[in-house]
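Just input07.cif here, mmCIF, C-alpha atoms and all ligand atoms:
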data_entry
#
loop_
_atom_site.label_atom_id
_atom_site.label_comp_id
_atom_site.auth_asym_id
_atom_site.auth_seq_id
_atom_site.Cartn_x
_atom_site.Cartn_y
_atom_site.Cartn_z
CA MET A 8 81.68 86.62 207.41
CA ALA A 9 79.09 86.08 204.68
CA PHE A 10 76.41 87.36 207.04
CA ASP A 11 78.41 90.52 207.82
CA LEU A 12 78.86 91.11 204.13
CA PHE A 13 75.13 90.71 203.66
CA LEU A 14 74.36 93.28 206.35
CA TYR A 15 76.82 95.65 204.76
CA ILE A 16 75.17 95.22 201.35
CA ALA A 17 71.70 95.63 202.81
CA ASP A 18 72.81 98.83 204.49
CA LEU A 19 74.34 100.06 201.27
CA ILE A 20 71.10 99.36 199.44
CA GLU A 21 69.12 101.42 201.87
CA LYS A 22 71.54 104.31 201.43
CA LYS A 23 71.78 104.03 197.66
CA TYR A 24 68.19 102.98 197.23
CA ASN A 25 67.36 104.56 193.87
CA LYS A 26 70.67 103.82 192.26
CA TYR A 27 70.45 100.18 193.33
CA PHE A 28 67.13 99.68 191.60
CA MET A 29 68.89 99.97 188.30
CA HIS A 30 71.68 97.53 189.13
CA HIS A 31 70.32 94.84 191.42
CA SER A 32 70.43 91.18 190.51
CA SER A 33 67.05 89.40 190.59
CA ALA A 34 68.34 86.90 193.18
CA ASP A 35 68.46 89.76 195.64
CA ASP A 36 65.05 91.20 194.78
CA TYR A 37 63.85 90.59 198.30
CA LEU A 38 66.19 93.30 199.51
CA LEU A 39 64.02 95.74 197.56
CA TYR A 40 60.92 94.93 199.58
CA PHE A 41 61.03 97.86 201.91
CA PRO A 42 60.03 99.87 203.81
CA HIS A 43 59.25 97.11 206.30
CA PRO A 44 57.06 97.48 209.36
CA PRO A 45 58.98 98.30 212.56
CA ALA A 46 60.14 95.45 214.78
CA SER A 47 57.34 96.21 217.25
CA THR A 48 54.68 95.58 214.55
CA LEU A 49 56.34 92.34 213.44
CA SER A 50 56.48 91.27 217.07
CA GLN A 51 52.76 91.94 217.44
CA TRP A 52 51.87 90.08 214.21
CA LEU A 53 53.97 87.10 215.26
CA GLU A 54 52.39 87.03 218.70
CA GLU A 55 48.89 87.12 217.17
CA SER A 56 49.59 84.42 214.63
CA ASN A 57 51.37 82.09 217.04
CA ARG A 58 48.74 82.57 219.74
CA ILE A 59 46.11 81.31 217.28
CA THR A 60 48.23 78.32 216.26
CA ARG A 61 48.92 77.28 219.84
CA HIS A 62 45.29 77.81 220.79
CA ILE A 63 44.23 75.47 217.96
CA LEU A 64 46.77 72.78 218.85
CA GLU A 65 46.15 72.94 222.58
CA ASN A 66 42.43 72.40 221.98
CA ILE A 67 42.48 69.56 219.48
CA PRO A 68 40.98 66.41 221.01
CA ALA A 69 43.49 63.55 220.87
CA ALA A 70 41.15 61.68 218.50
CA ASP A 71 41.65 64.46 215.92
CA HIS A 72 45.45 64.25 215.95
CA ILE A 73 44.88 61.84 213.08
CA VAL A 74 42.68 63.13 210.25
CA PRO A 75 41.54 61.19 207.17
CA GLN A 76 44.30 60.78 204.58
CA LEU A 77 42.92 63.14 201.94
CA HIS A 78 44.97 65.29 199.56
CA ILE A 79 43.23 68.41 200.94
CA LEU A 80 44.20 67.68 204.58
CA ASN A 81 47.37 67.44 206.63
CA PRO A 82 47.82 65.76 210.01
CA PRO A 83 47.59 68.63 212.56
CA LEU A 84 50.79 67.69 214.39
CA TRP A 85 52.69 67.61 211.10
CA GLU A 86 51.28 70.99 210.10
CA PHE A 87 52.27 72.49 213.47
CA GLY A 88 55.81 71.11 213.21
CA HIS A 89 56.04 72.27 209.59
CA LEU A 90 55.10 75.90 210.20
CA THR A 91 57.50 76.10 213.15
CA TRP A 92 60.23 74.47 211.05
CA PHE A 93 59.64 76.95 208.21
CA HIS A 94 60.00 79.88 210.58
CA GLU A 95 63.15 78.48 212.19
CA PHE A 96 64.70 77.55 208.83
CA TRP A 97 64.38 81.02 207.31
CA VAL A 98 64.71 83.25 210.37
CA HIS A 99 67.30 81.39 212.48
CA ARG A 100 69.07 78.95 210.17
CA GLY A 101 69.68 81.22 207.19
CA GLY A 102 67.89 78.75 204.89
CA GLN A 103 70.79 76.27 205.35
CA VAL A 104 70.29 72.67 206.46
CA SER A 105 73.88 72.73 207.72
CA ASN A 106 72.78 75.10 210.50
CA PRO A 107 71.32 73.02 213.35
CA SER A 108 67.67 72.99 214.35
CA PHE A 109 66.23 73.01 217.86
CA MET A 110 64.49 69.76 216.85
CA VAL A 111 66.31 66.58 215.90
CA ASP A 112 65.41 65.44 212.39
CA ALA A 113 63.35 68.59 211.74
CA ASP A 114 64.36 68.85 208.05
CA HIS A 115 63.44 65.25 207.35
CA LEU A 116 60.09 65.51 209.14
CA PHE A 117 58.83 68.97 208.33
CA ASN A 118 60.20 70.26 205.04
CA SER A 119 57.10 70.04 202.84
CA SER A 120 59.29 69.82 199.75
CA GLU A 121 61.04 66.75 201.16
CA ILE A 122 58.38 64.67 202.89
CA ALA A 123 55.75 63.25 200.54
CA HIS A 124 52.17 64.10 201.44
CA GLU A 125 51.18 60.48 202.17
CA ASP A 126 54.28 59.98 204.36
CA ARG A 127 53.00 62.67 206.73
CA TRP A 128 50.55 60.06 208.06
CA SER A 129 52.91 57.09 208.27
CA THR A 130 56.03 58.82 209.65
CA PRO A 131 56.04 58.89 213.48
CA MET A 132 55.71 62.49 214.65
CA PRO A 133 57.10 64.03 217.85
CA SER A 134 54.56 64.40 220.67
CA LEU A 135 52.39 67.50 220.93
CA ASP A 136 54.35 68.53 224.05
CA SER A 137 57.68 68.41 222.25
CA LEU A 138 56.23 70.32 219.29
CA LEU A 139 54.87 72.97 221.65
CA GLU A 140 58.32 73.27 223.21
CA TYR A 141 59.98 73.46 219.76
CA ASN A 142 57.54 76.21 218.80
CA LEU A 143 58.18 78.09 222.04
CA ASN A 144 61.96 77.97 221.53
CA VAL A 145 61.77 79.19 217.93
CA ILE A 146 59.22 81.94 218.43
CA SER A 147 60.81 83.20 221.66
CA SER A 148 64.13 83.53 219.83
CA THR A 149 62.45 85.69 217.18
CA GLN A 150 60.69 87.79 219.80
CA GLU A 151 64.09 88.40 221.41
CA LEU A 152 65.43 89.57 218.06
CA LEU A 153 62.46 91.90 217.72
CA CYS A 154 63.15 93.63 221.03
CA LYS A 155 65.52 95.90 219.15
CA PRO A 156 65.61 97.41 215.67
CA ILE A 157 66.40 94.85 212.98
CA ASP A 158 68.06 95.04 209.60
CA ASN A 159 66.34 94.75 206.25
CA LYS A 160 67.24 91.12 205.75
CA ALA A 161 65.86 89.96 209.09
CA ALA A 162 62.69 92.01 208.56
CA TYR A 163 62.24 90.33 205.19
CA PHE A 164 62.58 86.73 206.41
CA ILE A 165 60.37 87.22 209.46
CA GLN A 166 57.45 88.34 207.27
CA PRO A 167 56.99 85.31 205.00
CA SER A 168 57.38 83.19 208.14
CA ILE A 169 54.48 85.01 209.81
CA PHE A 170 52.36 85.03 206.63
CA HIS A 171 53.04 81.33 206.06
CA GLN A 172 51.85 80.68 209.62
CA ASP A 173 48.74 82.84 208.95
CA MET A 174 48.04 80.68 205.88
CA HIS A 175 48.36 77.49 207.89
CA ASN A 176 46.05 78.92 210.59
CA GLU A 177 43.50 79.51 207.85
CA ALA A 178 44.12 75.98 206.55
CA PHE A 179 43.34 74.67 210.05
CA ALA A 180 40.05 76.61 209.89
CA TYR A 181 38.96 75.11 206.59
CA MET A 182 40.19 71.66 207.59
CA TRP A 183 37.91 71.88 210.64
CA GLN A 184 35.09 73.13 208.41
CA THR A 185 35.63 70.14 206.08
CA MET A 186 35.50 67.76 209.03
CA GLY A 187 32.52 69.40 210.76
CA ARG A 188 34.50 70.21 213.90
CA PRO A 189 33.90 73.30 216.12
CA MET A 190 35.27 76.62 214.88
CA PRO A 191 38.97 76.48 215.88
CA PHE A 192 39.38 80.25 216.34
CA LEU A 193 37.20 83.30 216.06
CA PRO A 194 36.80 85.09 212.72
CA LEU A 195 39.41 87.79 212.15
CA SER A 196 37.01 90.07 210.22
CA ASP A 197 33.56 91.36 210.81
CA ARG A 198 31.44 88.81 208.96
CA SER A 199 28.37 90.96 208.43
CA LEU A 200 27.71 92.05 204.87
CA SER A 201 26.31 95.47 204.38
CA ASN A 202 22.99 94.42 202.97
CA GLU A 203 21.71 97.96 202.54
CA ASN A 204 23.52 98.27 199.25
CA LYS A 205 21.59 96.66 196.43
CA GLN A 206 23.51 94.69 193.84
CA THR A 207 24.62 96.96 191.00
CA TRP A 208 27.00 96.73 188.06
CA ILE A 209 30.02 98.97 188.55
CA HIS A 210 31.39 100.26 185.28
CA PHE A 211 35.12 100.79 184.81
CA PRO A 212 36.11 102.54 181.58
CA GLU A 213 38.97 101.27 179.45
CA SER A 214 42.26 102.12 181.10
CA SER A 215 45.93 101.59 180.98
CA LEU A 216 47.20 100.71 184.41
CA GLU A 217 50.13 99.49 186.38
CA ALA A 218 49.26 96.00 187.56
CA ASP A 219 50.88 94.52 190.61
CA SER A 220 53.66 95.54 192.90
CA HIS A 221 56.33 98.20 192.62
CA GLN A 222 59.83 98.10 194.01
CA GLY A 223 59.97 99.87 197.32
CA SER A 224 56.30 99.33 198.14
CA GLY A 225 56.95 97.11 201.16
CA PHE A 226 56.86 93.33 201.48
CA ILE A 227 55.54 91.40 198.49
CA PHE A 228 55.57 87.77 197.40
CA ASP A 229 57.70 86.88 194.39
CA ASN A 230 54.66 86.18 192.19
CA GLU A 231 53.71 89.89 192.43
CA LYS A 232 56.87 91.01 190.61
CA TRP A 233 56.82 93.40 188.99
CA ALA A 234 54.40 96.18 188.24
CA HIS A 235 53.75 96.21 184.51
CA THR A 236 51.46 98.18 182.28
CA ILE A 237 48.36 96.44 181.06
CA ASN A 238 45.52 97.68 178.91
CA ALA A 239 42.28 96.88 180.68
CA PRO A 240 39.27 97.10 178.37
CA SER A 241 36.15 98.57 179.95
CA PHE A 242 34.22 96.16 182.15
CA ASP A 243 31.16 95.97 184.38
CA ILE A 244 31.57 94.04 187.62
CA SER A 245 29.02 93.16 190.26
CA SER A 246 29.11 95.22 193.42
CA SER A 247 28.22 92.04 195.38
CA PRO A 248 29.36 88.47 195.42
CA VAL A 249 26.92 85.83 194.17
CA THR A 250 24.61 85.10 197.10
CA ASN A 251 23.03 81.89 198.38
CA ALA A 252 19.65 83.08 197.07
CA GLU A 253 21.05 83.68 193.59
CA TYR A 254 22.81 80.33 193.57
CA LEU A 255 19.66 78.54 194.70
CA THR A 256 17.63 80.23 191.96
CA TYR A 257 20.22 79.00 189.47
CA LEU A 258 20.21 75.44 190.88
CA GLU A 259 16.42 75.27 190.61
CA SER A 260 16.22 76.98 187.21
CA ALA A 261 14.97 75.13 184.18
CA SER A 262 18.20 75.98 182.37
CA ASN A 263 20.26 74.18 185.02
CA LEU A 264 17.85 71.28 185.50
CA SER A 265 17.72 70.66 181.76
CA GLN A 266 21.51 70.15 181.61
CA LEU A 267 22.86 66.65 181.11
CA GLU A 268 24.65 67.03 184.43
CA PRO A 269 22.86 69.75 186.43
CA ALA A 270 24.96 71.60 189.02
CA ALA A 271 24.67 70.09 192.51
CA PRO A 272 24.11 72.10 195.72
CA PRO A 273 27.33 73.36 197.32
CA LYS A 274 29.17 71.32 199.89
CA HIS A 275 27.62 71.54 203.34
CA TRP A 276 24.07 72.30 202.14
CA LYS A 277 21.10 70.09 202.95
CA LYS A 278 17.34 70.34 202.42
CA GLU A 279 14.98 69.24 205.18
CA ASP A 280 11.19 69.56 205.06
CA GLY A 281 11.51 71.93 202.13
CA LEU A 282 14.00 74.23 203.90
CA TRP A 283 17.68 74.64 203.09
CA PHE A 284 20.38 74.52 205.75
CA GLU A 285 24.11 75.12 205.60
CA ARG A 286 26.69 73.62 207.89
CA PHE A 287 29.21 76.08 209.31
CA PHE A 288 31.79 74.08 211.25
CA ASP A 289 29.70 71.87 213.58
CA GLU A 290 26.43 73.82 213.33
CA TRP A 291 23.60 73.46 210.85
CA LEU A 292 22.09 76.90 210.26
CA PRO A 293 19.17 78.02 208.07
CA LEU A 294 20.62 79.08 204.73
CA ASP A 295 21.03 82.87 204.77
CA PRO A 296 19.80 84.08 201.37
CA LEU A 297 21.86 87.29 201.49
CA SER A 298 25.22 85.76 202.39
CA ALA A 299 27.82 85.08 199.70
CA VAL A 300 27.60 81.51 198.45
CA ARG A 301 30.73 79.62 199.54
CA HIS A 302 32.51 76.35 198.83
CA ILE A 303 31.95 76.65 195.09
CA ASN A 304 34.77 75.33 192.96
CA TYR A 305 36.09 77.15 189.90
CA PHE A 306 34.30 74.89 187.40
CA ASP A 307 30.95 75.38 189.16
CA ALA A 308 31.50 79.15 189.22
CA GLN A 309 32.25 79.07 185.49
CA HIS A 310 29.14 76.99 184.88
CA TYR A 311 26.99 79.45 186.83
CA CYS A 312 28.37 82.27 184.66
CA LYS A 313 27.73 80.38 181.44
CA VAL A 314 24.13 79.53 182.29
CA ASN A 315 23.45 83.14 183.36
CA GLY A 316 25.20 84.82 180.41
CA LEU A 317 27.93 86.29 182.62
CA ARG A 318 31.65 85.73 183.15
CA LEU A 319 34.19 85.65 185.97
CA PRO A 320 36.42 88.72 186.38
CA ASN A 321 40.07 88.26 185.54
CA GLU A 322 42.59 88.94 188.29
CA HIS A 323 43.31 92.50 187.15
CA GLU A 324 39.62 93.39 187.09
CA LEU A 325 39.07 92.02 190.58
CA THR A 326 42.20 93.81 191.79
CA ILE A 327 40.86 97.08 190.37
CA LEU A 328 37.58 96.55 192.22
CA ILE A 329 39.05 95.63 195.59
CA SER A 330 41.53 98.50 195.39
CA GLN A 331 38.60 100.92 195.53
CA LYS A 332 38.11 102.30 199.00
CA SER A 333 34.55 103.02 198.11
CA THR A 334 31.63 101.58 200.02
CA ALA A 335 29.93 100.99 196.65
CA TRP A 336 31.05 97.36 196.56
CA GLN A 337 30.62 94.59 199.08
CA PRO A 338 33.36 92.20 200.15
CA SER A 339 32.38 88.54 200.29
CA HIS A 340 34.78 87.60 203.11
CA LEU A 341 35.77 84.77 200.83
CA TRP A 342 38.59 84.09 198.40
CA GLU A 343 37.04 84.95 195.04
CA TRP A 344 37.85 82.95 191.92
CA THR A 345 39.18 84.75 188.87
CA SER A 346 39.41 83.56 185.28
CA SER A 347 43.22 84.01 185.40
CA PRO A 348 45.47 80.97 185.57
CA PHE A 349 48.27 81.43 188.10
CA SER A 350 51.27 82.45 185.99
CA PRO A 351 54.36 84.64 186.37
CA PHE A 352 54.36 88.33 185.52
CA PRO A 353 57.12 89.91 183.43
CA GLY A 354 60.17 90.27 185.67
CA PHE A 355 59.37 87.29 187.88
CA SER A 356 62.26 85.58 189.61
CA PRO A 357 61.96 83.28 192.59
CA ASP A 358 62.76 84.64 196.02
CA PRO A 359 64.75 82.62 198.58
CA CYS A 360 61.71 80.46 199.48
CA THR A 361 61.77 79.14 195.90
CA ASP A 362 58.89 76.71 196.38
CA TYR A 363 56.37 79.44 197.21
CA SER A 364 55.33 80.15 193.59
CA LEU A 365 57.62 78.58 191.02
CA PRO A 366 56.42 74.93 191.22
CA TRP A 367 52.82 76.05 190.81
CA PHE A 368 53.19 77.96 187.53
CA ASN A 369 52.08 74.82 185.72
CA GLY A 370 48.66 75.85 184.43
CA LYS A 371 46.90 73.78 187.11
CA TYR A 372 46.03 76.63 189.48
CA GLN A 373 43.69 79.63 189.30
CA VAL A 374 44.22 82.99 190.97
CA LEU A 375 41.87 84.03 193.77
CA LYS A 376 41.73 87.47 195.34
CA GLY A 377 40.26 88.91 198.52
CA GLY A 378 40.41 87.00 201.77
CA SER A 379 38.25 84.98 204.13
CA LEU A 380 37.02 85.51 207.66
CA TYR A 381 40.14 83.62 208.76
CA THR A 382 42.63 85.73 206.79
CA PRO A 383 44.31 88.51 208.79
CA ASP A 384 44.24 92.01 207.29
CA ARG A 385 47.99 91.91 206.72
CA LEU A 386 47.43 89.33 203.95
CA LYS A 387 44.54 91.14 202.33
CA ARG A 388 46.59 93.47 200.15
CA ALA A 389 44.90 94.08 196.80
CA ALA A 390 48.03 92.86 194.99
CA PHE A 391 48.19 89.56 196.92
CA ARG A 392 47.59 86.57 194.64
CA ASN A 393 46.22 83.42 196.20
CA PHE A 394 46.03 80.27 194.08
CA TYR A 395 44.26 76.92 194.30
CA GLN A 396 43.50 74.01 192.02
CA PRO A 397 40.19 74.68 190.25
CA ASN A 398 38.48 71.55 191.57
CA ARG A 399 38.92 72.62 195.20
CA SER A 400 36.09 74.10 197.21
CA ASP A 401 37.06 73.06 200.72
CA HIS A 402 38.64 76.46 201.43
CA PHE A 403 36.46 79.52 202.03
CA CYS A 404 35.88 80.52 198.42
CA GLY A 405 33.15 82.19 196.40
CA PHE A 406 32.88 84.42 193.35
CA ARG A 407 31.38 87.49 191.73
CA THR A 408 30.56 88.08 188.09
CA CYS A 409 31.08 90.51 185.23
CA LEU A 410 28.75 91.38 182.36
CA LEU A 411 29.78 89.83 179.07
FE FE B 1 53.49 75.37 204.40
#
Rewritten as structure tokens:
Amino acid sequence: MAFDLFLYIADLIEKKYNKYFMHHSSADDYLLYFPHPPASTLSQWLEESNRITRHILENIPAADHIVPQLHILNPPLWEFGHLTWFHEFWVHRGGQVSNPSFMVDADHLFNSSEIAHEDRWSTPMPSLDSLLEYNLNVISSTQELLCKPIDNKAAYFIQPSIFHQDMHNEAFAYMWQTMGRPMPFLPLSDRSLSNENKQTWIHFPESSLEADSHQGSGFIFDNEKWAHTINAPSFDISSSPVTNAEYLTYLESASNLSQLEPAAPPKHWKKEDGLWFERFFDEWLPLDPLSAVRHINYFDAQHYCKVNGLRLPNEHELTILISQKSTAWQPSHLWEWTSSPFSPFPGFSPDPCTDYSLPWFNGKYQVLKGGSLYTPDRLKRAAFRNFYQPNRSDHFCGFRTCLL
């Protein structure tokens, strides 16, 4: 009955679209996230994302089913069960624990808000075969749904489930990078930088602009609500990310070496016989001077800026840059740090997956923009706000600078 009522309301919203904008309650904001992609596109996205996940899991050597108990890692079998559980919970169980799962005890085992991080190592997990079967059951059910047109509500819940899976696929990639294991899946973007363009400073004059996402502009995450006017003073931002060569020059500079605690080389660098190498997954490669420097944490990026008389862009400045379709700037294929702490915009209210943003508005996270080689295009919207703790550098992150 409640579900029928929901469909009726969703239908009404689509018909009375403009009028509804003025009267909706914030708890139902997610019903404003349309137009959605057609079912065929969602089906394709889900197939792509799940193919990668299953490929990763089917190729993990048994010895790697257990990974070191670090706060930046998760046991792979737990992560696989968790992303399948998330999808099932929101797409097939209406976000209600009272609706049964395909897997016994799934809520207890795989709800990341319920099972403490350290318990993910000590709690016995189902076998890989049963998790593969659980995943097959859940994803096949969604693919069946997507064989025909779907309503607004279903289209909404399928998207965060796919994007959440995309994020966990990327987390698998940087977990394997941390552990020096082979690349778990091929990059999703072309990794070559266009090196023909020399580094320049791109000037943006002072402007008043609408930051973030509008109602009716398709799927968004709750932390993008809502578009609001900001006054952006003029700024000059680098067309290129900071490169390995620039970072090395900084590391070896007198101004860095004279510091009480000079900056250390990034994770996964080593010097042998006077030459620098960088580990990428399980391969040591000569350091490419023109590639964007990666695995730099926020504090090290800030330190680089300070020593060089520069600053990090804030999230609005970086959004303005990456919104330009121009070829005048170069992507880093990394998540780029901004000077903006992760905080709510005016008009924020949590969406049904309440733990996506709300618990992290605590001043302990910084916003990153962009996307890595392991981020699918569907998550690389300019308005998308990623966020990590500033001391982390295990994910694929880098930075670019602004003039003071
Ligand atoms: Fe998750």
Item to check | Within 9 Å of ligand FE 1 (chain B), counting all atoms listed in the file, residues as a list in words | outcome: Glu86, His89, Leu90, Phe93, Asn118, Ser119, His171, Gln172, Met174, His175 and Tyr363 of chain A
Could those selected residues go to a file with C-alpha atoms, as a PDB file, keeping the file's coordinate frame?
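Result file is result.pdb:
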ATOM      1  CA  GLU A  86      51.280  70.990 210.100  1.00  0.00           C
ATOM      2  CA  HIS A  89      56.040  72.270 209.590  1.00  0.00           C
ATOM      3  CA  LEU A  90      55.100  75.900 210.200  1.00  0.00           C
ATOM      4  CA  PHE A  93      59.640  76.950 208.210  1.00  0.00           C
ATOM      5  CA  ASN A 118      60.200  70.260 205.040  1.00  0.00           C
ATOM      6  CA  SER A 119      57.100  70.040 202.840  1.00  0.00           C
ATOM      7  CA  HIS A 171      53.040  81.330 206.060  1.00  0.00           C
ATOM      8  CA  GLN A 172      51.850  80.680 209.620  1.00  0.00           C
ATOM      9  CA  MET A 174      48.040  80.680 205.880  1.00  0.00           C
ATOM     10  CA  HIS A 175      48.360  77.490 207.890  1.00  0.00           C
ATOM     11  CA  TYR A 363      56.370  79.440 197.210  1.00  0.00           C
TER      12      TYR A 363
END
Next on the checklist: Please determine, counting all atoms listed in the file, which residue among A:Thr408, A:Gln373, A:Thr48, A:Thr334 has the shortest atom-to-atom distance to Arg385 of chain A.
Outcome noted: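 The answer is A:Thr48, which sits nearest to Arg385 of chain A.
In this model, the gap between atom CA of Asp401 of chain A and atom CA of Lys313 of chain A comes to 22.6 Å.
With distances taken over all atoms listed in the file, A:Ile227 is the one residue among A:Leu258, A:Ile227, A:Ala271, A:Met190 lying closest to Pro357 of chain A.
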Next on the checklist: I need the residue nearest Glu65 of chain A from this list: A:Phe41, A:Tyr372, A:Trp291, A:Phe192. Use all atoms listed in the file for the distance.
Outcome noted: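 Counting all atoms listed in the file, the residue closest to Glu65 of chain A is A:Phe192.
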Next on the checklist: Can you measure atom CA of Ala299 of chain A to atom CA of Gly405 of chain A for me? One decimal in Å is fine.
Outcome noted: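 We find that atom CA of Ala299 of chain A and atom CA of Gly405 of chain A lie 6.9 Å from each other.
The gap separating atom CA of Lys160 of chain A from atom CA of Leu38 of chain A is 6.7 Å, in Å to one decimal.
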So which residues fall inside 12 Å of (65.1, 79.8, 213.9) if we count only C-alpha atoms? Mind giving them as a PDB file with C-alpha atoms, in the coordinates of the input?
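Produced file selection.pdb, reproduced below:
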ATOM      1  CA  LEU A  90      55.100  75.900 210.200  1.00  0.00           C
ATOM      2  CA  THR A  91      57.500  76.100 213.150  1.00  0.00           C
ATOM      3  CA  TRP A  92      60.230  74.470 211.050  1.00  0.00           C
ATOM      4  CA  PHE A  93      59.640  76.950 208.210  1.00  0.00           C
ATOM      5  CA  HIS A  94      60.000  79.880 210.580  1.00  0.00           C
ATOM      6  CA  GLU A  95      63.150  78.480 212.190  1.00  0.00           C
ATOM      7  CA  PHE A  96      64.700  77.550 208.830  1.00  0.00           C
ATOM      8  CA  TRP A  97      64.380  81.020 207.310  1.00  0.00           C
ATOM      9  CA  VAL A  98      64.710  83.250 210.370  1.00  0.00           C
ATOM     10  CA  HIS A  99      67.300  81.390 212.480  1.00  0.00           C
ATOM     11  CA  ARG A 100      69.070  78.950 210.170  1.00  0.00           C
ATOM     12  CA  GLY A 101      69.680  81.220 207.190  1.00  0.00           C
ATOM     13  CA  GLY A 102      67.890  78.750 204.890  1.00  0.00           C
ATOM     14  CA  GLN A 103      70.790  76.270 205.350  1.00  0.00           C
ATOM     15  CA  VAL A 104      70.290  72.670 206.460  1.00  0.00           C
ATOM     16  CA  ASN A 106      72.780  75.100 210.500  1.00  0.00           C
ATOM     17  CA  PRO A 107      71.320  73.020 213.350  1.00  0.00           C
ATOM     18  CA  SER A 108      67.670  72.990 214.350  1.00  0.00           C
ATOM     19  CA  PHE A 109      66.230  73.010 217.860  1.00  0.00           C
ATOM     20  CA  MET A 110      64.490  69.760 216.850  1.00  0.00           C
ATOM     21  CA  ALA A 113      63.350  68.590 211.740  1.00  0.00           C
ATOM     22  CA  TYR A 141      59.980  73.460 219.760  1.00  0.00           C
ATOM     23  CA  ASN A 142      57.540  76.210 218.800  1.00  0.00           C
ATOM     24  CA  LEU A 143      58.180  78.090 222.040  1.00  0.00           C
ATOM     25  CA  ASN A 144      61.960  77.970 221.530  1.00  0.00           C
ATOM     26  CA  VAL A 145      61.770  79.190 217.930  1.00  0.00           C
ATOM     27  CA  ILE A 146      59.220  81.940 218.430  1.00  0.00           C
ATOM     28  CA  SER A 147      60.810  83.200 221.660  1.00  0.00           C
ATOM     29  CA  SER A 148      64.130  83.530 219.830  1.00  0.00           C
ATOM     30  CA  THR A 149      62.450  85.690 217.180  1.00  0.00           C
ATOM     31  CA  GLN A 150      60.690  87.790 219.800  1.00  0.00           C
ATOM     32  CA  GLU A 151      64.090  88.400 221.410  1.00  0.00           C
ATOM     33  CA  LEU A 152      65.430  89.570 218.060  1.00  0.00           C
ATOM     34  CA  ALA A 161      65.860  89.960 209.090  1.00  0.00           C
ATOM     35  CA  PHE A 164      62.580  86.730 206.410  1.00  0.00           C
ATOM     36  CA  ILE A 165      60.370  87.220 209.460  1.00  0.00           C
ATOM     37  CA  SER A 168      57.380  83.190 208.140  1.00  0.00           C
TER      38      SER A 168
END
Item to check | Neighbours of point (31.6, 98.3, 187.2) within 9 Å, using all atoms listed in the file, written as a count of residues only | outcome: 15
Next on the checklist: Could you check the closest approach to Tyr311 of chain A for each of A:Pro272, A:Pro167, A:Pro44, A:Pro240 and tell me which residue wins, using all atoms listed in the file?
Outcome noted: A:Pro272
Next on the checklist: Which residues are near Ser56 of chain A? Cut-off 9 Å, all atoms listed in the file, ignore same chain within fewer than 6 positions. Put them as a VMD selection string.
Outcome noted: chain A and resid 169 to 170 172 to 173 176 383
Checklist outcome for this item: From the list A:Lys232, A:Arg407, A:Lys332, A:Lys371, the nearest residue to Ser247 of chain A using all atoms listed in the file is A:Arg407
Item to check | Neighbour list for Ala218 of chain A as a ChimeraX atom specification, cut-off 12 Å, all atoms listed in the file, skip fewer than 6 positions in-chain | outcome: /A:231-239,322-327,330,352-353,389-392
Output C-alpha atoms of each residue in that selection to a file, as a PDB file, keeping the file's coordinate frame.
ATOM      1  CA  GLU A 231      53.710  89.890 192.430  1.00  0.00           C
ATOM      2  CA  LYS A 232      56.870  91.010 190.610  1.00  0.00           C
ATOM      3  CA  TRP A 233      56.820  93.400 188.990  1.00  0.00           C
ATOM      4  CA  ALA A 234      54.400  96.180 188.240  1.00  0.00           C
ATOM      5  CA  HIS A 235      53.750  96.210 184.510  1.00  0.00           C
ATOM      6  CA  THR A 236      51.460  98.180 182.280  1.00  0.00           C
ATOM      7  CA  ILE A 237      48.360  96.440 181.060  1.00  0.00           C
ATOM      8  CA  ASN A 238      45.520  97.680 178.910  1.00  0.00           C
ATOM      9  CA  ALA A 239      42.280  96.880 180.680  1.00  0.00           C
ATOM     10  CA  GLU A 322      42.590  88.940 188.290  1.00  0.00           C
ATOM     11  CA  HIS A 323      43.310  92.500 187.150  1.00  0.00           C
ATOM     12  CA  GLU A 324      39.620  93.390 187.090  1.00  0.00           C
ATOM     13  CA  LEU A 325      39.070  92.020 190.580  1.00  0.00           C
ATOM     14  CA  THR A 326      42.200  93.810 191.790  1.00  0.00           C
ATOM     15  CA  ILE A 327      40.860  97.080 190.370  1.00  0.00           C
ATOM     16  CA  SER A 330      41.530  98.500 195.390  1.00  0.00           C
ATOM     17  CA  PHE A 352      54.360  88.330 185.520  1.00  0.00           C
ATOM     18  CA  PRO A 353      57.120  89.910 183.430  1.00  0.00           C
ATOM     19  CA  ALA A 389      44.900  94.080 196.800  1.00  0.00           C
ATOM     20  CA  ALA A 390      48.030  92.860 194.990  1.00  0.00           C
ATOM     21  CA  PHE A 391      48.190  89.560 196.920  1.00  0.00           C
ATOM     22  CA  ARG A 392      47.590  86.570 194.640  1.00  0.00           C
TER      23      ARG A 392
END
